[in-house]
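*Asks:* Could you have a look at this structure, given as structure tokens, before my questions?
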Amino acid sequence: MAEKGKSQFVSGTNALKPLPIHSLDEFIDLKTASEFSGIAAVTLRAQAVKGRLRAVRLGGQWVTTREYLQRYLDSRTGQVRALVGGQDAVVQGGSPVRLDDDLETWILLQQAWQTMQKARDKELARCNVSLKQSHILFLITAIASTGRPVTAGEITRWTLLEKHTVFERLKRMERSGLIRRVPGGEERKAMELVLTAAGKQALESAARRDSVTIMLSALSPQERQQLKVISRKLRDAAVEIIEDYTRRMLL
């Protein structure tokens, strides 16, 4: 039985193991872990309870470390593997699914984007900022440079995310001291977003994109241009589908 007041990690089926770290500064809460991983905090909590994500309850909340979060993310990448070239897709815990050309392309796109995100997140972890946060910091700066008001609605328009997702992300960034809201001009009713000193420093630290340069160097200049054209086509097709479903819901 654990000693009173001694922190223990949950592992396996609620079996307790000694906490193998030396400083409480290494802990991150599940909201922070959600920002870095892109996985909902409620999902991470469920994985912690099941022992799949090593975590501990401190002060009434679940916390983990970047190292254990990364181990959990690495374990997820091995759960679904696609054998390309018209072969079967092997799905853990399920029956093999025959890959047609659409499904194979879709899986490859997902794998490419997820692994690219992970590579960039590893690079940004040194700056104590997540990929999602750095994206919004960049957008705020880019929109402000055009002279347009930087509002939550404008961020939503640029990211194509749901409004509630953007608002929650902005709230967390405001609590983290990266951004703040200020009143708009005389003719602007909506609150506008500006970077704090900490936000500017985080953006400056995230400006180095070595991982992006290395990943894109796998493509020739011609292939890069083709990728831009293809990406725009896929984005626009997806937007049309979303708008079509929205119209149907409103009928």
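In the structure tokens, chains take letters A, B, ... by order of appearance, with residues numbered from 1 within each chain and ligands from 1 in the order shown.
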Find the spatial neighbours of region 117-129 of chain A, counting only C-alpha atoms, within a cut-off of 8 Å - ignore same-chain residues fewer than 4 positions away - and output them as a list in words.

*Replies:*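 Near neighbours after the sequence-gap exclusion: Phe36, Trp113, Gln133, Ser134, Ala202, Ser205, Ala206, Arg209, Ser211 and Val212 of chain A.
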
*Asks:* How about saving the chosen residues, C-alpha atoms kept, as a JSON list (two decimals), in the first residue's frame?

*Replies:*
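Saved file again-v5.json follows:
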```
[["chain", "number", "residue", "atom", "x", "y", "z"],
["A", 36, "PHE", "CA", 0.59, 19.01, -27.18],
["A", 113, "TRP", "CA", 0.18, 14.46, -41.57],
["A", 133, "GLN", "CA", -0.50, 27.28, -30.19],
["A", 134, "SER", "CA", 2.31, 28.28, -32.55],
["A", 202, "ALA", "CA", 7.24, 31.90, -27.95],
["A", 205, "SER", "CA", 11.42, 30.66, -30.51],
["A", 206, "ALA", "CA", 9.05, 28.72, -32.79],
["A", 209, "ARG", "CA", 11.45, 25.36, -38.57],
["A", 211, "SER", "CA", 11.98, 19.95, -38.99],
["A", 212, "VAL", "CA", 9.75, 21.49, -41.69]]
```

*Asks:* Calculated over only C-alpha atoms, which of the candidates A:Thr141, A:Gln70, A:Thr196, A:Thr159 has the smallest distance to Arg175 (chain A)?

*Replies:* A:Thr196

*Asks:* If you count only C-alpha atoms, which residues fall within 10 Å of Glu204 (chain A), apart from same-chain ones fewer than 4 positions away, as an MDAnalysis selection string?

*Replies:* chainID A and resid 127 134 137:138 198:200 208

*Asks:* Go ahead and save the residues from that selection, with C-alpha atoms, as a PDB file, in the first residue's frame.

*Replies:*
```pdb
ATOM      1  CA  CYS A 127      10.128  26.137 -26.808  1.00  0.00           C
ATOM      2  CA  SER A 134       2.311  28.278 -32.548  1.00  0.00           C
ATOM      3  CA  LEU A 137       0.435  32.900 -32.657  1.00  0.00           C
ATOM      4  CA  PHE A 138       1.543  33.010 -36.291  1.00  0.00           C
ATOM      5  CA  ALA A 198       5.572  35.795 -23.535  1.00  0.00           C
ATOM      6  CA  GLY A 199       3.604  35.146 -26.727  1.00  0.00           C
ATOM      7  CA  LYS A 200       6.085  37.144 -28.826  1.00  0.00           C
ATOM      8  CA  ARG A 208      13.001  28.030 -36.391  1.00  0.00           C
TER       9      ARG A 208
END
```

*Asks:* Find the spatial neighbours of region 229-246 of chain A, counting only C-alpha atoms, within a cut-off of 12 Å - ignore same-chain residues fewer than 2 positions away - and output them as a PyMOL selection string.

*Replies:* chain A and resi 106+109+113+157+159-162+222-227+248-251

*Asks:* May I have the residues from that selection written out with C-alpha atoms, as an mmCIF file, in the first residue's frame?

*Replies:*
```cif
data_model
loop_
_atom_site.group_PDB
_atom_site.id
_atom_site.type_symbol
_atom_site.label_atom_id
_atom_site.label_comp_id
_atom_site.auth_asym_id
_atom_site.auth_seq_id
_atom_site.Cartn_x
_atom_site.Cartn_y
_atom_site.Cartn_z
ATOM 1 C CA TRP A 106 -6.586 8.411 -47.288
ATOM 2 C CA LEU A 109 -2.426 11.189 -46.052
ATOM 3 C CA TRP A 113 0.178 14.464 -41.566
ATOM 4 C CA ARG A 157 -12.215 31.733 -40.660
ATOM 5 C CA THR A 159 -8.246 27.792 -39.448
ATOM 6 C CA LEU A 160 -11.586 26.341 -40.675
ATOM 7 C CA LEU A 161 -12.131 24.986 -37.152
ATOM 8 C CA GLU A 162 -15.397 25.006 -35.223
ATOM 9 C CA GLN A 222 8.440 20.828 -58.834
ATOM 10 C CA GLU A 223 6.920 18.326 -56.397
ATOM 11 C CA ARG A 224 6.458 21.095 -53.830
ATOM 12 C CA GLN A 225 4.459 23.150 -56.307
ATOM 13 C CA GLN A 226 2.382 20.092 -57.176
ATOM 14 C CA LEU A 227 1.776 19.470 -53.465
ATOM 15 C CA ARG A 248 -28.784 19.998 -45.171
ATOM 16 C CA MET A 249 -28.902 20.403 -41.386
ATOM 17 C CA LEU A 250 -30.493 23.825 -41.773
ATOM 18 C CA LEU A 251 -33.247 22.587 -44.095
#
```

*Asks:* If you run DSSP on this backbone, which residues of region 21-216 of chain A come out as strand (DSSP E), and could you give them as a ChimeraX atom specification?

*Replies:* /A:27-29,56-58,61-65,80-82,88-91,97-98,179-182,192-195

*Asks:* Can I get the selected residues back with N, CA and C atoms, as a CSV table (one decimal), in the first residue's frame?

*Replies:*
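File produced: result.csv:
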```
chain,number,residue,atom,x,y,z
A,27,PHE,N,5.9,17.6,-14.2
A,27,PHE,CA,4.5,17.3,-14.4
A,27,PHE,C,3.8,18.3,-15.4
A,28,ILE,N,2.9,17.8,-16.2
A,28,ILE,CA,2.0,18.6,-16.9
A,28,ILE,C,0.6,18.1,-16.7
A,29,ASP,N,-0.4,18.9,-16.6
A,29,ASP,CA,-1.8,18.4,-16.5
A,29,ASP,C,-2.3,17.9,-17.8
A,56,VAL,N,-0.6,10.2,-12.7
A,56,VAL,CA,-0.9,10.2,-11.3
A,56,VAL,C,-1.8,11.3,-10.9
A,57,ARG,N,-2.6,11.1,-9.9
A,57,ARG,CA,-3.5,12.2,-9.4
A,57,ARG,C,-2.8,13.0,-8.3
A,58,LEU,N,-2.6,14.3,-8.5
A,58,LEU,CA,-2.0,15.2,-7.6
A,58,LEU,C,-3.0,16.4,-7.4
A,61,GLN,N,-6.2,16.3,-9.5
A,61,GLN,CA,-6.3,16.2,-10.9
A,61,GLN,C,-5.2,15.3,-11.5
A,62,TRP,N,-5.4,14.8,-12.6
A,62,TRP,CA,-4.5,13.9,-13.3
A,62,TRP,C,-3.3,14.7,-13.9
A,63,VAL,N,-2.1,14.2,-13.7
A,63,VAL,CA,-0.9,14.8,-14.3
A,63,VAL,C,0.0,13.7,-14.9
A,64,THR,N,0.7,14.0,-15.9
A,64,THR,CA,1.7,13.1,-16.4
A,64,THR,C,3.0,13.9,-16.7
A,65,THR,N,3.9,13.3,-17.5
A,65,THR,CA,5.1,14.0,-18.0
A,65,THR,C,5.1,14.0,-19.5
A,80,VAL,N,-2.4,0.9,-35.8
A,80,VAL,CA,-3.0,0.7,-37.1
A,80,VAL,C,-1.9,0.8,-38.2
A,81,ARG,N,-1.7,-0.3,-38.9
A,81,ARG,CA,-0.6,-0.3,-40.0
A,81,ARG,C,-1.3,-0.7,-41.3
A,82,ALA,N,-0.9,0.1,-42.3
A,82,ALA,CA,-1.5,-0.2,-43.6
A,82,ALA,C,-0.4,-0.8,-44.5
A,88,ASP,N,-3.8,-6.0,-47.8
A,88,ASP,CA,-4.8,-5.8,-46.7
A,88,ASP,C,-4.2,-4.7,-45.7
A,89,ALA,N,-5.1,-4.0,-45.1
A,89,ALA,CA,-4.8,-3.2,-44.0
A,89,ALA,C,-5.0,-4.0,-42.7
A,90,VAL,N,-4.0,-4.1,-41.9
A,90,VAL,CA,-4.1,-4.9,-40.6
A,90,VAL,C,-4.5,-3.9,-39.5
A,91,VAL,N,-5.7,-4.2,-38.9
A,91,VAL,CA,-6.2,-3.4,-37.9
A,91,VAL,C,-6.2,-4.2,-36.6
A,97,VAL,N,-9.0,-5.3,-43.5
A,97,VAL,CA,-9.9,-4.6,-44.4
A,97,VAL,C,-9.2,-4.4,-45.7
A,98,ARG,N,-9.9,-4.7,-46.8
A,98,ARG,CA,-9.3,-4.7,-48.1
A,98,ARG,C,-9.1,-3.2,-48.5
A,179,ILE,N,-1.5,35.2,-25.0
A,179,ILE,CA,-2.2,36.3,-25.7
A,179,ILE,C,-3.1,37.0,-24.7
A,180,ARG,N,-3.6,38.1,-25.1
A,180,ARG,CA,-4.6,38.8,-24.3
A,180,ARG,C,-5.6,39.5,-25.2
A,181,ARG,N,-6.8,39.8,-24.6
A,181,ARG,CA,-7.9,40.4,-25.4
A,181,ARG,C,-7.9,41.9,-25.0
A,182,VAL,N,-8.1,42.7,-26.1
A,182,VAL,CA,-8.1,44.2,-25.9
A,182,VAL,C,-9.4,44.7,-26.6
A,192,GLU,N,-10.3,42.2,-29.6
A,192,GLU,CA,-9.3,41.8,-30.5
A,192,GLU,C,-8.2,41.1,-29.7
A,193,LEU,N,-7.4,40.3,-30.4
A,193,LEU,CA,-6.3,39.5,-29.8
A,193,LEU,C,-5.0,40.1,-30.1
A,194,VAL,N,-4.1,40.2,-29.1
A,194,VAL,CA,-2.7,40.6,-29.3
A,194,VAL,C,-1.8,39.6,-28.5
A,195,LEU,N,-0.6,39.6,-29.0
A,195,LEU,CA,0.4,38.7,-28.3
A,195,LEU,C,0.9,39.5,-27.1
```

*Asks:* Determine, counting only C-alpha atoms, which protein, DNA and RNA residues have an atom within 10 Å of an atom of Gly184 (chain A); residues of the same chain fewer than 6 positions away are not included. Present the result as a ChimeraX atom specification.

*Replies:* /A:149-151,190-193

*Asks:* Just the selected residues (N, CA and C atoms), exported as a PDB file, in the first residue's frame, please.

*Replies:*
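This is the output file result-v6.pdb:
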```pdb
ATOM      1  N   PRO A 149      -8.802  43.484 -38.229  1.00  0.00           N
ATOM      2  CA  PRO A 149      -8.912  43.227 -36.788  1.00  0.00           C
ATOM      3  C   PRO A 149      -8.698  41.749 -36.487  1.00  0.00           C
ATOM      4  N   VAL A 150      -7.894  41.448 -35.489  1.00  0.00           N
ATOM      5  CA  VAL A 150      -7.606  40.057 -35.136  1.00  0.00           C
ATOM      6  C   VAL A 150      -8.601  39.626 -34.067  1.00  0.00           C
ATOM      7  N   THR A 151      -9.670  38.986 -34.499  1.00  0.00           N
ATOM      8  CA  THR A 151     -10.726  38.524 -33.597  1.00  0.00           C
ATOM      9  C   THR A 151     -10.789  37.004 -33.611  1.00  0.00           C
ATOM     10  N   ALA A 190     -16.161  43.787 -31.427  1.00  0.00           N
ATOM     11  CA  ALA A 190     -15.540  42.551 -30.943  1.00  0.00           C
ATOM     12  C   ALA A 190     -14.192  42.835 -30.295  1.00  0.00           C
ATOM     13  N   MET A 191     -13.872  42.042 -29.256  1.00  0.00           N
ATOM     14  CA  MET A 191     -12.564  42.124 -28.627  1.00  0.00           C
ATOM     15  C   MET A 191     -11.508  41.600 -29.602  1.00  0.00           C
ATOM     16  N   GLU A 192     -10.349  42.240 -29.591  1.00  0.00           N
ATOM     17  CA  GLU A 192      -9.278  41.831 -30.481  1.00  0.00           C
ATOM     18  C   GLU A 192      -8.171  41.129 -29.704  1.00  0.00           C
ATOM     19  N   LEU A 193      -7.378  40.337 -30.418  1.00  0.00           N
ATOM     20  CA  LEU A 193      -6.338  39.519 -29.809  1.00  0.00           C
ATOM     21  C   LEU A 193      -4.965  40.105 -30.115  1.00  0.00           C
TER      22      LEU A 193
END
```

*Asks:* What residues in region 39-223 of chain A get the DSSP label alpha helix (DSSP H)? Please answer as a PyMOL selection string.

*Replies:* chain A and resi 41-49+66-77+101-125+131-145+152-159+163-175+197-206+210-216+221-223

*Asks:* Rounded to one decimal place, report the CA of Ser130 (chain A)-CA of Gly147 (chain A) distance in Å.

*Replies:* 26.4 Å

*Asks:* Excluding same-chain residues fewer than 4 positions from Arg148 (chain A), what lies within 12 Å of it counting only C-alpha atoms, as a list in words?

*Replies:*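 These residues fall inside the cut-off: Leu139, Ile140, Thr141, Ala142, Ile143, Ala144, Gly153, Glu154, Ile155, Gly184, Gly185, Arg188, Glu192 and Leu193 of chain A.
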
*Asks:* For Thr213 (chain A), which residue among A:Met116, A:Asp101, A:Glu35, A:Ala197 is the nearest when counting only C-alpha atoms?

*Replies:*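 Counting only C-alpha atoms, the residue closest to Thr213 (chain A) is A:Met116.
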